[in-house]
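*Asks:* Dropping in data_3.cif, with mmCIF, C-alpha atoms.
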```cif
data_start
#
loop_
_atom_site.label_atom_id
_atom_site.label_comp_id
_atom_site.auth_asym_id
_atom_site.auth_seq_id
_atom_site.Cartn_x
_atom_site.Cartn_y
_atom_site.Cartn_z
CA MET F 1 18.66 -16.34 -11.98
CA ALA F 2 20.08 -17.09 -15.43
CA ALA F 3 17.61 -14.67 -16.98
CA LEU F 4 19.26 -11.86 -14.99
CA GLY F 5 22.74 -12.48 -16.36
CA TRP F 6 22.73 -9.41 -18.58
CA LEU F 7 22.37 -7.05 -15.62
CA THR F 8 25.27 -5.26 -13.95
CA PRO F 9 26.04 -6.53 -10.40
CA ARG F 10 24.30 -3.53 -8.84
CA ARG F 11 21.17 -3.83 -10.99
CA ARG F 12 21.16 -7.59 -10.59
CA SER F 13 21.22 -7.18 -6.81
CA ALA F 14 18.34 -4.68 -6.84
CA THR F 15 16.28 -6.87 -9.15
CA ALA F 16 16.96 -9.95 -7.05
CA ARG F 17 15.81 -8.12 -3.94
CA SER F 18 12.58 -7.10 -5.70
CA VAL F 19 11.96 -10.70 -6.74
CA LEU F 20 12.71 -11.95 -3.21
CA ALA F 21 10.42 -9.36 -1.64
CA GLY F 22 7.65 -10.16 -4.11
CA GLU F 23 7.88 -13.91 -3.62
CA ALA F 24 8.04 -13.59 0.17
CA SER F 25 4.99 -11.33 0.21
CA ALA F 26 3.03 -13.64 -2.11
CA GLU F 27 3.86 -16.65 0.05
CA ALA F 28 2.80 -14.83 3.23
CA ALA F 29 -0.45 -13.78 1.58
CA ARG F 30 -1.28 -17.30 0.41
CA LYS F 31 -0.53 -18.81 3.82
CA SER F 32 -2.79 -16.30 5.55
CA THR F 33 -5.77 -17.12 3.32
CA GLN F 34 -5.41 -20.81 2.51
CA ASP F 35 -8.33 -21.74 4.75
CA LEU F 36 -10.66 -18.89 3.72
CA PRO F 37 -13.88 -19.72 1.84
CA ASP F 38 -14.45 -18.37 -1.63
CA ALA F 39 -16.15 -14.99 -2.00
CA ALA F 40 -19.89 -15.05 -2.53
CA PRO F 41 -21.09 -14.87 -6.16
CA GLY F 42 -23.63 -12.48 -7.62
CA GLY F 43 -22.09 -9.41 -9.25
CA GLU F 44 -22.21 -7.27 -12.34
CA PRO F 45 -22.51 -9.01 -15.74
CA ASP F 46 -19.98 -6.86 -17.61
CA PHE F 47 -17.01 -5.99 -15.44
CA PRO F 48 -16.02 -7.52 -13.17
CA VAL F 49 -17.07 -10.68 -14.99
CA HIS F 50 -19.20 -12.85 -12.74
CA GLY F 51 -17.84 -16.34 -12.16
CA ASP F 52 -14.43 -15.74 -13.76
CA ASP F 53 -12.27 -17.65 -11.29
CA ARG F 54 -9.08 -16.83 -13.21
CA ALA F 55 -9.56 -13.11 -12.54
CA ALA F 56 -8.75 -11.18 -9.36
CA ALA F 57 -8.28 -7.58 -8.24
CA PHE F 58 -5.21 -5.96 -6.67
CA PHE F 59 -5.58 -2.72 -4.71
CA ASP F 60 -2.84 -0.39 -3.50
CA LEU F 61 -3.59 0.83 0.03
CA ASP F 62 -2.25 4.32 0.79
CA ASN F 63 -4.46 7.02 -0.76
CA THR F 64 -6.17 4.40 -2.91
CA VAL F 65 -8.19 2.44 -0.37
CA MET F 66 -7.40 4.66 2.61
CA GLN F 67 -6.65 8.35 3.06
CA GLY F 68 -3.04 8.85 4.09
CA ALA F 69 -0.33 6.31 4.85
CA ALA F 70 -1.08 3.16 6.85
CA LEU F 71 2.42 3.17 8.31
CA PHE F 72 1.89 6.63 9.76
CA HIS F 73 -1.41 5.67 11.41
CA PHE F 74 0.25 2.53 12.76
CA GLY F 75 3.04 4.71 14.14
CA ARG F 76 0.51 6.91 15.92
CA GLY F 77 -0.99 3.85 17.55
CA LEU F 78 2.39 2.56 18.68
CA TYR F 79 3.28 5.98 20.10
CA LYS F 80 0.04 5.96 22.09
CA ARG F 81 1.17 2.62 23.53
CA LYS F 82 4.62 3.98 24.52
CA PHE F 83 6.59 2.07 21.88
CA PHE F 84 8.70 5.16 21.14
CA GLU F 85 9.20 8.81 22.05
CA THR F 86 7.82 12.15 20.87
CA ARG F 87 10.74 12.90 18.53
CA ASP F 88 9.95 9.71 16.61
CA LEU F 89 6.30 10.74 16.28
CA ALA F 90 7.44 14.07 14.87
CA ARG F 91 9.34 12.20 12.17
CA PHE F 92 6.25 10.16 11.32
CA ALA F 93 4.24 13.42 11.18
CA TRP F 94 6.73 15.01 8.79
CA GLN F 95 6.60 11.99 6.50
CA GLN F 96 2.80 12.08 6.46
CA ALA F 97 2.78 15.83 5.85
CA TRP F 98 5.06 15.39 2.84
CA PHE F 99 2.90 12.57 1.54
CA ARG F 100 -0.19 14.78 1.75
CA LEU F 101 1.46 17.84 0.20
CA ALA F 102 3.32 16.14 -2.63
CA GLY F 103 0.86 13.36 -3.35
CA ILE F 104 3.82 11.03 -4.09
CA GLU F 105 5.82 8.37 -2.31
CA ASP F 106 9.29 9.87 -1.85
CA PRO F 107 12.00 7.15 -1.68
CA GLU F 108 14.00 8.91 1.05
CA HIS F 109 10.92 9.35 3.26
CA MET F 110 9.90 5.75 2.66
CA GLN F 111 13.39 4.54 3.61
CA ASP F 112 13.30 6.60 6.78
CA ALA F 113 9.83 5.33 7.64
CA ARG F 114 10.92 1.76 7.03
CA ASP F 115 14.02 2.08 9.23
CA SER F 116 12.00 3.76 11.98
CA ALA F 117 9.36 1.04 11.96
CA LEU F 118 11.90 -1.77 11.98
CA SER F 119 13.79 -0.30 14.93
CA ILE F 120 10.54 0.16 16.84
CA VAL F 121 9.25 -3.40 16.41
CA LYS F 122 12.61 -5.18 16.85
CA GLY F 123 12.35 -7.64 19.72
CA HIS F 124 8.54 -7.60 19.82
CA ARG F 125 6.43 -10.63 19.03
CA VAL F 126 4.57 -10.87 15.74
CA SER F 127 1.39 -11.86 17.58
CA GLU F 128 1.62 -8.72 19.73
CA LEU F 129 1.82 -6.44 16.69
CA ARG F 130 -1.10 -8.19 15.03
CA SER F 131 -3.25 -7.73 18.11
CA ILE F 132 -2.30 -4.05 18.38
CA GLY F 133 -2.97 -3.64 14.66
CA GLU F 134 -6.61 -4.61 15.25
CA GLU F 135 -6.98 -1.84 17.82
CA ILE F 136 -5.18 0.73 15.66
CA TYR F 137 -7.44 -0.03 12.71
CA ASP F 138 -10.48 0.89 14.81
CA GLU F 139 -8.81 3.98 16.28
CA TYR F 140 -7.31 5.62 13.20
CA MET F 141 -7.96 3.75 9.95
CA ALA F 142 -11.60 2.65 9.73
CA GLU F 143 -12.96 6.16 9.21
CA ARG F 144 -10.38 6.90 6.49
CA ILE F 145 -11.47 4.21 4.03
CA TRP F 146 -12.58 5.69 0.69
CA PRO F 147 -16.21 4.52 0.17
CA GLY F 148 -15.80 4.65 -3.62
CA THR F 149 -12.77 2.38 -3.66
CA ARG F 150 -14.41 0.07 -1.14
CA ALA F 151 -17.38 -0.26 -3.51
CA LEU F 152 -15.05 -1.21 -6.37
CA ALA F 153 -13.50 -3.95 -4.25
CA GLN F 154 -16.93 -5.19 -3.24
CA ALA F 155 -17.95 -5.43 -6.90
CA HIS F 156 -15.11 -7.90 -7.48
CA LEU F 157 -16.05 -9.88 -4.38
CA ASP F 158 -19.68 -9.98 -5.47
CA ALA F 159 -18.53 -11.32 -8.83
CA GLY F 160 -16.87 -14.23 -7.02
CA GLN F 161 -13.33 -12.93 -7.47
CA LYS F 162 -10.54 -12.68 -4.92
CA VAL F 163 -9.38 -9.21 -3.90
CA TRP F 164 -5.93 -8.48 -2.53
CA LEU F 165 -4.33 -5.42 -0.97
CA VAL F 166 -0.81 -4.77 -2.31
CA THR F 167 1.12 -2.34 -0.14
CA ALA F 168 4.53 -1.36 1.22
CA ALA F 169 3.00 -1.40 4.71
CA PRO F 170 3.97 -4.33 6.98
CA VAL F 171 2.16 -7.45 5.84
CA GLU F 172 0.71 -8.06 9.31
CA ILE F 173 -1.00 -4.65 9.28
CA ALA F 174 -2.10 -5.08 5.68
CA GLN F 175 -3.68 -8.42 6.57
CA VAL F 176 -5.63 -6.82 9.42
CA ILE F 177 -6.99 -4.14 7.08
CA ALA F 178 -7.86 -6.67 4.38
CA ARG F 179 -9.71 -8.89 6.82
CA ARG F 180 -11.63 -5.99 8.37
CA LEU F 181 -12.73 -4.91 4.89
CA GLY F 182 -13.78 -8.44 4.00
CA LEU F 183 -11.10 -8.81 1.32
CA THR F 184 -9.30 -12.03 0.46
CA GLY F 185 -5.89 -11.10 1.84
CA ALA F 186 -2.88 -8.84 1.50
CA LEU F 187 0.56 -8.61 -0.01
CA GLY F 188 2.83 -6.43 2.11
CA THR F 189 6.40 -5.85 3.21
CA VAL F 190 7.68 -8.91 5.08
CA ALA F 191 9.78 -8.28 8.19
CA GLU F 192 12.04 -11.08 9.30
CA SER F 193 11.07 -12.92 12.46
CA ILE F 194 12.71 -15.82 14.29
CA GLY F 195 10.65 -17.80 16.74
CA GLY F 196 7.82 -15.32 16.31
CA VAL F 197 10.02 -12.33 17.29
CA TYR F 198 11.01 -9.52 14.91
CA THR F 199 14.73 -9.25 14.19
CA GLY F 200 14.68 -5.69 12.84
CA LYS F 201 15.48 -6.84 9.28
CA LEU F 202 13.42 -7.28 6.13
CA VAL F 203 13.00 -10.28 3.84
CA GLY F 204 14.14 -8.75 0.55
CA GLU F 205 13.08 -5.11 0.36
CA PRO F 206 9.93 -3.01 0.93
CA LEU F 207 7.05 -4.00 -1.32
CA HIS F 208 7.25 -0.87 -3.43
CA GLY F 209 7.38 -0.15 -7.16
CA PRO F 210 8.78 -3.12 -9.10
CA ALA F 211 8.57 -5.35 -6.01
CA LYS F 212 4.77 -4.96 -6.05
CA ALA F 213 4.65 -6.14 -9.64
CA GLU F 214 6.82 -9.14 -8.73
CA ALA F 215 4.51 -9.99 -5.82
CA VAL F 216 1.41 -9.82 -8.01
CA ARG F 217 3.10 -11.91 -10.69
CA ALA F 218 4.15 -14.55 -8.13
CA LEU F 219 0.70 -14.69 -6.54
CA ALA F 220 -1.01 -14.91 -9.93
CA ALA F 221 1.21 -17.85 -10.91
CA ALA F 222 0.52 -19.65 -7.62
CA GLU F 223 -3.23 -19.02 -7.84
CA GLY F 224 -3.55 -19.89 -11.53
CA LEU F 225 -4.76 -16.41 -12.48
CA ASP F 226 -4.79 -14.88 -15.95
CA LEU F 227 -3.37 -11.39 -15.45
CA SER F 228 -4.98 -10.16 -18.67
CA ARG F 229 -8.34 -10.73 -16.96
CA CYS F 230 -7.31 -9.18 -13.65
CA ALA F 231 -7.68 -5.60 -12.42
CA ALA F 232 -5.32 -3.36 -10.44
CA TYR F 233 -5.98 -0.05 -8.69
CA SER F 234 -3.52 2.60 -7.48
CA ASP F 235 -3.04 6.32 -6.93
CA SER F 236 0.72 6.42 -7.55
CA HIS F 237 2.94 6.47 -10.63
CA ASN F 238 5.27 4.23 -8.63
CA ASP F 239 2.73 1.46 -9.20
CA ILE F 240 2.77 1.70 -13.00
CA PRO F 241 4.70 -1.62 -13.14
CA MET F 242 1.87 -3.34 -11.25
CA LEU F 243 -0.88 -1.59 -13.21
CA SER F 244 0.81 -2.51 -16.48
CA LEU F 245 0.68 -6.22 -15.61
CA VAL F 246 -3.10 -6.50 -15.75
CA GLY F 247 -5.72 -6.18 -18.43
CA HIS F 248 -7.83 -3.74 -16.40
CA PRO F 249 -5.70 -0.99 -14.78
CA TYR F 250 -7.40 1.79 -12.82
CA ALA F 251 -5.92 5.10 -11.63
CA ILE F 252 -7.61 5.97 -8.32
CA ASN F 253 -7.11 9.46 -6.84
CA PRO F 254 -4.06 9.64 -9.13
CA ASP F 255 -0.98 11.78 -8.69
CA SER F 256 -0.14 14.01 -11.66
CA LYS F 257 2.29 11.55 -13.27
CA LEU F 258 -0.10 8.64 -13.06
CA ARG F 259 -3.00 10.77 -14.29
CA LYS F 260 -1.00 11.76 -17.37
CA HIS F 261 0.14 8.18 -18.01
CA ALA F 262 -3.39 6.82 -17.56
CA ARG F 263 -4.86 9.33 -20.00
CA GLU F 264 -2.21 8.54 -22.59
CA LEU F 265 -2.97 4.82 -22.37
CA GLU F 266 -6.74 5.33 -21.93
CA TRP F 267 -6.81 3.65 -18.54
CA ARG F 268 -9.90 4.16 -16.39
CA LEU F 269 -9.69 6.93 -13.80
CA ARG F 270 -11.63 7.45 -10.57
CA ASP F 271 -11.15 10.37 -8.17
CA TYR F 272 -12.98 10.25 -4.85
CA ARG F 273 -11.35 13.36 -3.40
CA THR F 274 -13.19 16.65 -3.19
CA GLY F 275 -11.99 20.19 -3.63
CA ARG F 276 -9.80 21.76 -6.29
CA LYS F 277 -6.59 21.50 -4.29
CA ALA F 278 -7.22 17.89 -3.33
CA ALA F 279 -7.81 16.95 -6.95
CA LYS F 280 -4.57 18.63 -7.94
CA VAL F 281 -2.07 17.31 -5.39
CA GLY F 282 -3.78 14.45 -3.62
CA ILE F 283 -4.57 16.03 -0.25
CA PRO F 284 -7.82 14.78 1.31
CA ALA F 285 -10.24 17.70 1.57
CA ALA F 286 -11.09 16.87 5.17
CA ALA F 287 -9.00 18.67 7.80
CA GLY F 288 -5.81 16.91 8.89
CA ILE F 289 -5.45 15.11 12.18
CA GLY F 290 -3.94 16.81 15.17
CA ALA F 291 -0.66 14.94 15.19
CA VAL F 292 0.03 16.00 11.60
CA ALA F 293 -0.84 19.67 11.93
CA GLY F 294 2.59 20.82 13.10
CA GLY F 295 4.40 18.81 10.47
CA THR F 296 2.10 20.05 7.74
CA ALA F 297 2.68 23.68 8.72
CA ALA F 298 6.43 23.13 8.70
CA ALA F 299 6.24 21.46 5.29
CA ILE F 300 4.24 24.36 3.86
CA ALA F 301 6.72 26.88 5.27
CA LEU F 302 9.67 24.97 3.83
CA HIS F 303 7.93 24.67 0.46
CA ARG F 304 7.34 28.44 0.36
CA ARG F 305 10.96 29.22 1.25
CA ARG F 306 12.21 26.98 -1.53
CA ARG F 307 10.02 28.79 -4.06
#
```
Output the structure of this file as structure tokens.
*Replies:*
Amino acid sequence: MAALGWLTPRRRSATARSVLAGEASAEAARKSTQDLPDAAPGGEPDFPVHGDDRAAAFFDLDNTVMQGAALFHFGRGLYKRKFFETRDLARFAWQQAWFRLAGIEDPEHMQDARDSALSIVKGHRVSELRSIGEEIYDEYMAERIWPGTRALAQAHLDAGQKVWLVTAAPVEIAQVIARRLGLTGALGTVAESIGGVYTGKLVGEPLHGPAKAEAVRALAAAEGLDLSRCAAYSDSHNDIPMLSLVGHPYAINPDSKLRKHARELEWRLRDYRTGRKAAKVGIPAAAGIGAVAGGTAAAIALHRRRR
């Protein structure tokens, strides 16, 4: 921690938490994939570079690989299984509605979502949540995977490279999604557990913003990767620290701030959304799901009143 000596106590604490969260997520990711075979070779000759075992790809999840927020879909699945009450589902719906309307990850909403999720899973076994995560993926997530982003990930796999999800979603859920998509593994927010039971606390902080960059850096060091040969993909300006780490950053379905930043730095852009409004603010063109409809209407009404 000597390198952090120049920081004020408050900034030092925040930075330390980011480092702790990143290292914890990287360790969890490596443990979950240590027995996996290497991806099959046979990809594109230019980029990704076939056979470059010091290169890998890192994909954000929400609105990059999948439409909407994984934590919201997970919340819907837990509600269906009587983990919490209707008022809690309404809060999840509001958070998802804001995410769709604004196209950004609001810190206050993320904090609320994190606290809600932790209180819901406290006292439950990790194995139970993993098993439920498999069911929830089939129920709510599988049909919301962006085919274009999935093809980009497959190109890296076909080139013999490892592909990791990097998300603020719980690492157990992220690992389910990564495995179902045939990816190498996942970096996600690590919730504390003792004896296989959740305590309701986090290890470090949510894997968001700078913490994602720390997780990627830690994993790259452990895996012997050359970040200048790696690629990263995200929709959010919050992930600029992660995108800036690699030699091949991509803006996928970008929010306005990331789109501007990517154009200024001549990063590659891909937008798999359709419709003028979707391209502008990041709302999937397909109609919203039933549980979100009320929250979306309320968000629109509030937005209009504030104008």
*Asks:* Could you tell me which residues the PyMOL selection byres ((chain F and resi 201) around 7) grabs in this file, written as a PDB file with C-alpha atoms, in the coordinates of the input?
*Replies:*
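Produced file out_9.pdb, reproduced below:
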```pdb
ATOM      1  CA  LEU F 118      11.900  -1.770  11.980  1.00  0.00           C
ATOM      2  CA  ALA F 191       9.780  -8.280   8.190  1.00  0.00           C
ATOM      3  CA  GLU F 192      12.040 -11.080   9.300  1.00  0.00           C
ATOM      4  CA  THR F 199      14.730  -9.250  14.190  1.00  0.00           C
ATOM      5  CA  GLY F 200      14.680  -5.690  12.840  1.00  0.00           C
ATOM      6  CA  LEU F 202      13.420  -7.280   6.130  1.00  0.00           C
ATOM      7  CA  VAL F 203      13.000 -10.280   3.840  1.00  0.00           C
TER       8      VAL F 203
END
```
*Asks:* Would you work out the distance separating atom CA of F:Val171 from atom CA of F:Pro48, expressed in Å to one decimal?
*Replies:*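 Going from atom CA of F:Val171 over to atom CA of F:Pro48, I get 26.3 Å.
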*Asks:* Mind listing as a CSV table (one decimal) with C-alpha atoms, keeping the file's coordinate frame all residues within 8 Å of (-7.8, 3.6, -1.6), counting all atoms listed in the file?
*Replies:*
```csv
chain,number,residue,atom,x,y,z
F,59,PHE,CA,-5.6,-2.7,-4.7
F,60,ASP,CA,-2.8,-0.4,-3.5
F,61,LEU,CA,-3.6,0.8,0.0
F,62,ASP,CA,-2.2,4.3,0.8
F,63,ASN,CA,-4.5,7.0,-0.8
F,64,THR,CA,-6.2,4.4,-2.9
F,65,VAL,CA,-8.2,2.4,-0.4
F,66,MET,CA,-7.4,4.7,2.6
F,67,GLN,CA,-6.6,8.4,3.1
F,145,ILE,CA,-11.5,4.2,4.0
F,146,TRP,CA,-12.6,5.7,0.7
F,149,THR,CA,-12.8,2.4,-3.7
F,150,ARG,CA,-14.4,0.1,-1.1
F,234,SER,CA,-3.5,2.6,-7.5
F,235,ASP,CA,-3.0,6.3,-6.9
F,252,ILE,CA,-7.6,6.0,-8.3
F,253,ASN,CA,-7.1,9.5,-6.8
```
*Asks:* Give me, please, the distance in Å between atom CA of F:Gly68 and atom CA of F:Ala178, quoted to one decimal.
*Replies:*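 Going from atom CA of F:Gly68 over to atom CA of F:Ala178 covers 16.3 Å.
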*Asks:* Which one of F:Ala56, F:Phe83, F:Pro206, F:Tyr233 sits closest to F:Val163 if you count all atoms listed in the file?
*Replies:*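 For F:Val163, the nearest of the given residues is F:Ala56.
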*Asks:* From the list F:Gly123, F:Val49, F:Leu78, F:Arg54, which residue is nearest F:Gly195 when using only C-alpha atoms?
*Replies:*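 Among the listed residues, F:Gly123 lies closest to F:Gly195.
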*Asks:* Give, as AutoDock Vina command-line options, the centre coordinates and the x, y and z edge lengths in Å to one decimal for an axis-aligned box around all listed atoms of stretch 212-226 of chain F, padded by 6 Å on each side.
*Replies:*
```
--center_x 1.0 --center_y -12.4 --center_z -10.9 --size_x 23.6 --size_y 26.9 --size_z 22.1
```
*Asks:* Figure out the distance between atom CA of F:Gln154 and atom CA of F:His261, please, to one decimal in Å.
*Replies:*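 We find that atom CA of F:His261 and atom CA of F:Gln154 lie 26.2 Å from each other.
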*Asks:* Which is closer to F:Tyr140 than all the others in F:Gly51, F:Pro249, F:Gly182, F:Gly75, using only C-alpha atoms?
*Replies:* F:Gly75
*Asks:* Would you mind telling me which residue in F:Ala215, F:Asp271, F:Glu128, F:Met242 lies nearest to F:Asp255 when using all atoms listed in the file?
*Replies:* F:Asp271
*Asks:* Which residue gives the smallest distance to F:Glu172 among F:Gly160, F:Gly77, F:Pro254, F:Gly188, with all atoms listed in the file counted?
*Replies:*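 Checking each of F:Gly160, F:Gly77, F:Pro254, F:Gly188 against F:Glu172, counting all atoms listed in the file, the winner is F:Gly188.
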*Asks:* So that I can check the surroundings of F:Cys230, please list as JSON, numbers by chain every protein, DNA and RNA residue that reaches within 6 Å of it, counting all atoms listed in the file and ignoring chain neighbours fewer than 6 positions away.
*Replies:* {"F": [55, 56, 57, 246, 247]}
*Asks:* Quick one: of F:Ile240, F:Ala155, F:Asp138, F:Thr274, who's nearest to F:Ala262, counting only C-alpha atoms?
*Replies:* F:Ile240
*Asks:* Using the chain letters and numbers from the file, which residues does the PyMOL selection byres ((chain F and resi 165) around 6) grab, as a PyMOL selection string?
*Replies:* chain F and resi 58-60+164+166+186-187
*Asks:* I'd like the contact shell of F:Ser244 - 9 Å cut-off, all atoms listed in the file, skipping same-chain residues fewer than 5 positions apart - returned as a PDB file with C-alpha atoms, in the frame of the given file.
*Replies:*
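Heads up, here's the output in result00.pdb:
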```pdb
ATOM      1  CA  ALA F 213       4.650  -6.140  -9.640  1.00  0.00           C
ATOM      2  CA  ALA F 232      -5.320  -3.360 -10.440  1.00  0.00           C
ATOM      3  CA  ASP F 239       2.730   1.460  -9.200  1.00  0.00           C
ATOM      4  CA  PRO F 249      -5.700  -0.990 -14.780  1.00  0.00           C
TER       5      PRO F 249
END
```
